[in-house]
Amino acid sequence: QAWEIAIHACDRDLAWKEALILLEEMPQPTLVAYNSAMSACSRAGEWEDTMSLFARIRTEHFEPDLVTYNTVITALGRGDQWASAIQVMEKMPLSPNTNTYNAAIHTCASAGEWEVGMNLFHQLSSGYNQTKRKEIRPNTITYNTVIAMLAREQQSQKALDLFQEMKEKRIPRNHISFGAAIFACEKNHPPLCWKALDLYSEMKSEGISPKTNTLVTLFKSLLKASQPEKAYNFLLQLEEEEVDLSIICYQVVLENCVENDKVEWAECVFEKAKNLTKPSYVADLEYCYTHMIRLRQKNGKWEEALILMKQVRSFPTRRNAYEQWYKAISLLS
C-alpha cells in the first residue's frame with residue numbers, strides 16, 4: 001500500500017518519470033499502482049508511455065478496470081488520437097460509466113469531431129433514460145464539455161439549448177457552465193451580446209463569480225456586435241460591483257476605444273488599467289501603453305506619444321523591443 005500511495009502522489013504532482021521509476025522498483029506491482037502511473041503519464045501528455053503500461057497490465061495478467069480504460073481514453077485524447085480512443089471504448093469488455101463517456105466526448109471535442117461527440121452524448125443520455133443507472137447519468141462535466149464543444153463549432157443555439165436543459169433537469173451549473181454558454185453567445189453570427197449579458201445577470205443571481213476568461217469573452221461579444229458604449233458601461237458596472245477585474249478586460253475595451261477613436265473613453269480606461277498593480281500584469285500593461293501610443297500617433301500628438309514611450313521603456317522585460325520605435329517617434333516629435 002505504501003508503494004501505491006507514493007505512485008499516487010507522483011500522479012498528483014505530475015511527476016510521471018518518478019512514477020515509472022517507483023513502479024519498476026515495486027516488488028509486486030498492483031493494478032492500482034499501474035493505474036496511478038498511467039494517469040501520471042497521461043496528465044503529462046505522455047500518451048505513448050500510458051499505452052505501454054496498458055500493454056504491460058495485460059502481460060502481467062491483470063484485468064483492466066474502468067479506471068484503467070478511462071485513463072487510456074483520456075491519454076489518447078491528449079495525444080490527438082481520438083479515433084483510437086473511441087475504438088478502445090467500443091471494444092472494452094466493461095460497461096462504460098459517465099467518466100468513460102466524459103473522457104471520450106472531451107477527446108472528440110479537442111479533435112473538432114463534434115458530431116461524434118454529440119452521438120456519444122446522446123448514447124449516454126438515452127442509456128440513463130432507459131436504465132436510470134446513476135453511473136451512466138450525464139453530469140455537470142458532461143454538459144460543460146458538450147456546450148463548449150458546440151460553441152467552438154459555432155453551433156450556438158444547440159449549446160444554449162443544452163445550457164437551459166441543465167437548469168430544467170436540475171444538473172448543477174458552475175462558472176464553467178456559464179462561461180461556455182457566454183462563449184456560445186460570442187461565437188454566434190452575429191454575437192448574442194444581450195443574451196450574454198442576461199447570462200451574466202443569471203450567473204450573479206445564483207451566487208457564481210465569473211472568471212477572467214468569461215468576462216473577456218463577454219466584452220468581445222459586445223464589441224463584435226458593435227456595442228462599444230455598452231462594453232465601456234459594462235466595465236464601469238463591474239467596477240461598481242467590485243468584481244476582481246483582470247487587466248486583460250481593460251486591454252480588450254481599450255483596444256476597441258482606440259480603433260474607434262473614442263479618445264475620452266480610451267483615456268479613462270487607460271488610467272484605470274495603470275492603477276492595477278499586480279506584478280503579473282506588467283506584460284498586459286505594455287499592450288495598453290502600445291494602444292495609447294498608437295492613439296497619440298493617429299491624432300498627431302507625437303510629444304505625448306514620446307512621453308508614453310519613455311515610460312514603457314522603463315519596463316524591465318521589453319526595453320529593447322521599443323528602442324527602434326522610440327527613436328522614430330523622437331525624430332517625428
# chains A, B, ... in the order shown; residues from 1 in each chain; ligands from 1
$ residues_around --residues "Leu94 (chain A)" --least-positions-apart "3" --cutoff "10 Å" --atoms "only C-alpha atoms" --output "PyMOL selection string"
chain A and resi 64-66+69+89-91+97
$ write_last_selection --atoms "N, CA, C and O atoms" --output "compact mmCIF listing (two decimals), in the first residue's frame"
# COMPACT_ATOMS: atom_id res chain seq x y z
N PRO A 64 -7.86 -5.20 -16.62
CA PRO A 64 -8.07 -3.75 -16.54
C PRO A 64 -9.48 -3.43 -16.05
O PRO A 64 -10.44 -4.09 -16.43
N ASP A 65 -9.57 -2.41 -15.18
CA ASP A 65 -10.88 -1.98 -14.70
C ASP A 65 -11.29 -0.69 -15.41
O ASP A 65 -10.59 -0.22 -16.32
N LEU A 66 -12.41 -0.11 -14.98
CA LEU A 66 -12.90 1.11 -15.64
C LEU A 66 -11.92 2.27 -15.49
O LEU A 66 -11.77 3.09 -16.41
N TYR A 69 -9.36 1.83 -18.27
CA TYR A 69 -9.85 2.19 -19.61
C TYR A 69 -10.11 3.70 -19.72
O TYR A 69 -9.81 4.32 -20.76
N MET A 89 -12.93 2.47 -26.39
CA MET A 89 -14.21 2.50 -25.69
C MET A 89 -15.18 1.46 -26.24
O MET A 89 -15.89 0.77 -25.50
N GLU A 90 -15.22 1.35 -27.55
CA GLU A 90 -16.16 0.41 -28.18
C GLU A 90 -15.80 -1.05 -27.92
O GLU A 90 -16.68 -1.90 -27.82
N LYS A 91 -14.50 -1.32 -27.79
CA LYS A 91 -14.06 -2.71 -27.65
C LYS A 91 -13.86 -3.16 -26.21
O LYS A 91 -13.65 -4.35 -25.97
N ASN A 97 -18.99 3.98 -17.88
CA ASN A 97 -19.73 4.82 -16.94
C ASN A 97 -19.66 6.27 -17.42
O ASN A 97 -19.14 6.55 -18.51
$ select_by_dssp --residues "region 53-235 of chain A" --states "alpha helix (DSSP H)" --output "MDAnalysis selection string"
chainID A and resid 53:59 66:78 82:91 98:111 114:131 140:152 156:168 175:187 193:205 212:224 228:235
$ residues_around --residues "Ile5 (chain A)" --least-positions-apart "2" --cutoff "12 Å" --atoms "only C-alpha atoms" --output "list in words"
Gln1, Ala2, Trp3, Ile7, His8, Ala9, Cys10, Asp11, Arg12, Ala19, Leu22, Leu23, Met26, Thr30, Val32, Ala33, Tyr34, Asn35, Ser36 and Ala37 of chain A
$ closest_residue --among "A:Val72, A:Val258, A:Glu63, A:Asp13" --to "Pro93 (chain A)" --atoms "only C-alpha atoms"
A:Glu63
$ residues_around --residues "Leu120 (chain A)" --least-positions-apart "5" --cutoff "12 Å" --atoms "only C-alpha atoms" --output "list in words"
Ile86, Met89, Glu90, Pro96, Asn97, Thr98, Thr100, Tyr101, Asn102, Ala103, Ala104, Ile105, His106, Thr107, Cys108, Ala109, Glu113, Trp114, Glu115, Ser125, Ser126, Gly127, Ile136, Pro138, Thr142, Tyr143, Thr145 and Val146 of chain A
$ closest_residue --among "A:Cys185, A:Leu162, A:Val312, A:Val116" --to "Ala225 (chain A)" --atoms "only C-alpha atoms"
A:Cys185
$ residues_around --residues "region 199-202 of chain A" --least-positions-apart "5" --cutoff "9 Å" --atoms "only C-alpha atoms" --output "list in words"
Phe178, Ala181, Ile182, Trp194, Gly207, Ile208, Pro210, Leu215 and Leu218 of chain A
$ closest_residue --among "A:Val263, A:Ile147, A:Ile57, A:Ala111" --to "Gly77 (chain A)" --atoms "only C-alpha atoms"
A:Ala111
$ closest_residue --among "A:Glu267, A:Ser205, A:Lys230, A:Gln311" --to "Glu286 (chain A)" --atoms "only C-alpha atoms"
A:Gln311
$ decode --residues "region 33-50 of chain A" --atoms "N, CA and C atoms" --output "PDB file, in the first residue's frame"
ATOM      1  N   ALA A  33      -1.483   0.522  -8.671  1.00  0.00           N
ATOM      2  CA  ALA A  33      -0.216   1.203  -8.953  1.00  0.00           C
ATOM      3  C   ALA A  33      -0.081   1.503 -10.442  1.00  0.00           C
ATOM      4  N   TYR A  34      -0.432   0.533 -11.271  1.00  0.00           N
ATOM      5  CA  TYR A  34      -0.396   0.749 -12.724  1.00  0.00           C
ATOM      6  C   TYR A  34      -1.328   1.895 -13.130  1.00  0.00           C
ATOM      7  N   ASN A  35      -2.529   1.906 -12.575  1.00  0.00           N
ATOM      8  CA  ASN A  35      -3.487   2.961 -12.916  1.00  0.00           C
ATOM      9  C   ASN A  35      -2.948   4.338 -12.560  1.00  0.00           C
ATOM     10  N   SER A  36      -2.311   4.445 -11.382  1.00  0.00           N
ATOM     11  CA  SER A  36      -1.761   5.735 -10.958  1.00  0.00           C
ATOM     12  C   SER A  36      -0.612   6.162 -11.859  1.00  0.00           C
ATOM     13  N   ALA A  37       0.252   5.212 -12.216  1.00  0.00           N
ATOM     14  CA  ALA A  37       1.375   5.538 -13.097  1.00  0.00           C
ATOM     15  C   ALA A  37       0.878   5.934 -14.491  1.00  0.00           C
ATOM     16  N   MET A  38      -0.141   5.227 -14.982  1.00  0.00           N
ATOM     17  CA  MET A  38      -0.729   5.572 -16.270  1.00  0.00           C
ATOM     18  C   MET A  38      -1.333   6.967 -16.239  1.00  0.00           C
ATOM     19  N   SER A  39      -2.001   7.279 -15.151  1.00  0.00           N
ATOM     20  CA  SER A  39      -2.615   8.601 -15.003  1.00  0.00           C
ATOM     21  C   SER A  39      -1.548   9.693 -14.992  1.00  0.00           C
ATOM     22  N   ALA A  40      -0.439   9.438 -14.296  1.00  0.00           N
ATOM     23  CA  ALA A  40       0.654  10.412 -14.247  1.00  0.00           C
ATOM     24  C   ALA A  40       1.195  10.675 -15.648  1.00  0.00           C
ATOM     25  N   CYS A  41       1.392   9.597 -16.434  1.00  0.00           N
ATOM     26  CA  CYS A  41       1.876   9.755 -17.809  1.00  0.00           C
ATOM     27  C   CYS A  41       0.849  10.497 -18.670  1.00  0.00           C
ATOM     28  N   SER A  42      -0.416  10.149 -18.493  1.00  0.00           N
ATOM     29  CA  SER A  42      -1.478  10.781 -19.266  1.00  0.00           C
ATOM     30  C   SER A  42      -1.542  12.278 -19.006  1.00  0.00           C
ATOM     31  N   ARG A  43      -1.499  12.640 -17.739  1.00  0.00           N
ATOM     32  CA  ARG A  43      -1.606  14.064 -17.378  1.00  0.00           C
ATOM     33  C   ARG A  43      -0.401  14.860 -17.857  1.00  0.00           C
ATOM     34  N   ALA A  44       0.724  14.170 -18.035  1.00  0.00           N
ATOM     35  CA  ALA A  44       1.927  14.837 -18.542  1.00  0.00           C
ATOM     36  C   ALA A  44       1.967  14.865 -20.063  1.00  0.00           C
ATOM     37  N   GLY A  45       0.935  14.310 -20.709  1.00  0.00           N
ATOM     38  CA  GLY A  45       0.891  14.283 -22.161  1.00  0.00           C
ATOM     39  C   GLY A  45       1.704  13.154 -22.770  1.00  0.00           C
ATOM     40  N   GLU A  46       2.163  12.226 -21.931  1.00  0.00           N
ATOM     41  CA  GLU A  46       2.980  11.104 -22.419  1.00  0.00           C
ATOM     42  C   GLU A  46       2.059   9.924 -22.739  1.00  0.00           C
ATOM     43  N   TRP A  47       1.298  10.067 -23.812  1.00  0.00           N
ATOM     44  CA  TRP A  47       0.288   9.060 -24.103  1.00  0.00           C
ATOM     45  C   TRP A  47       0.896   7.725 -24.549  1.00  0.00           C
ATOM     46  N   GLU A  48       2.055   7.775 -25.184  1.00  0.00           N
ATOM     47  CA  GLU A  48       2.677   6.526 -25.620  1.00  0.00           C
ATOM     48  C   GLU A  48       3.142   5.691 -24.423  1.00  0.00           C
ATOM     49  N   ASP A  49       3.654   6.368 -23.380  1.00  0.00           N
ATOM     50  CA  ASP A  49       4.031   5.645 -22.162  1.00  0.00           C
ATOM     51  C   ASP A  49       2.801   5.064 -21.479  1.00  0.00           C
ATOM     52  N   THR A  50       1.702   5.812 -21.535  1.00  0.00           N
ATOM     53  CA  THR A  50       0.448   5.293 -20.974  1.00  0.00           C
ATOM     54  C   THR A  50       0.048   4.004 -21.675  1.00  0.00           C
TER      55      THR A  50
END
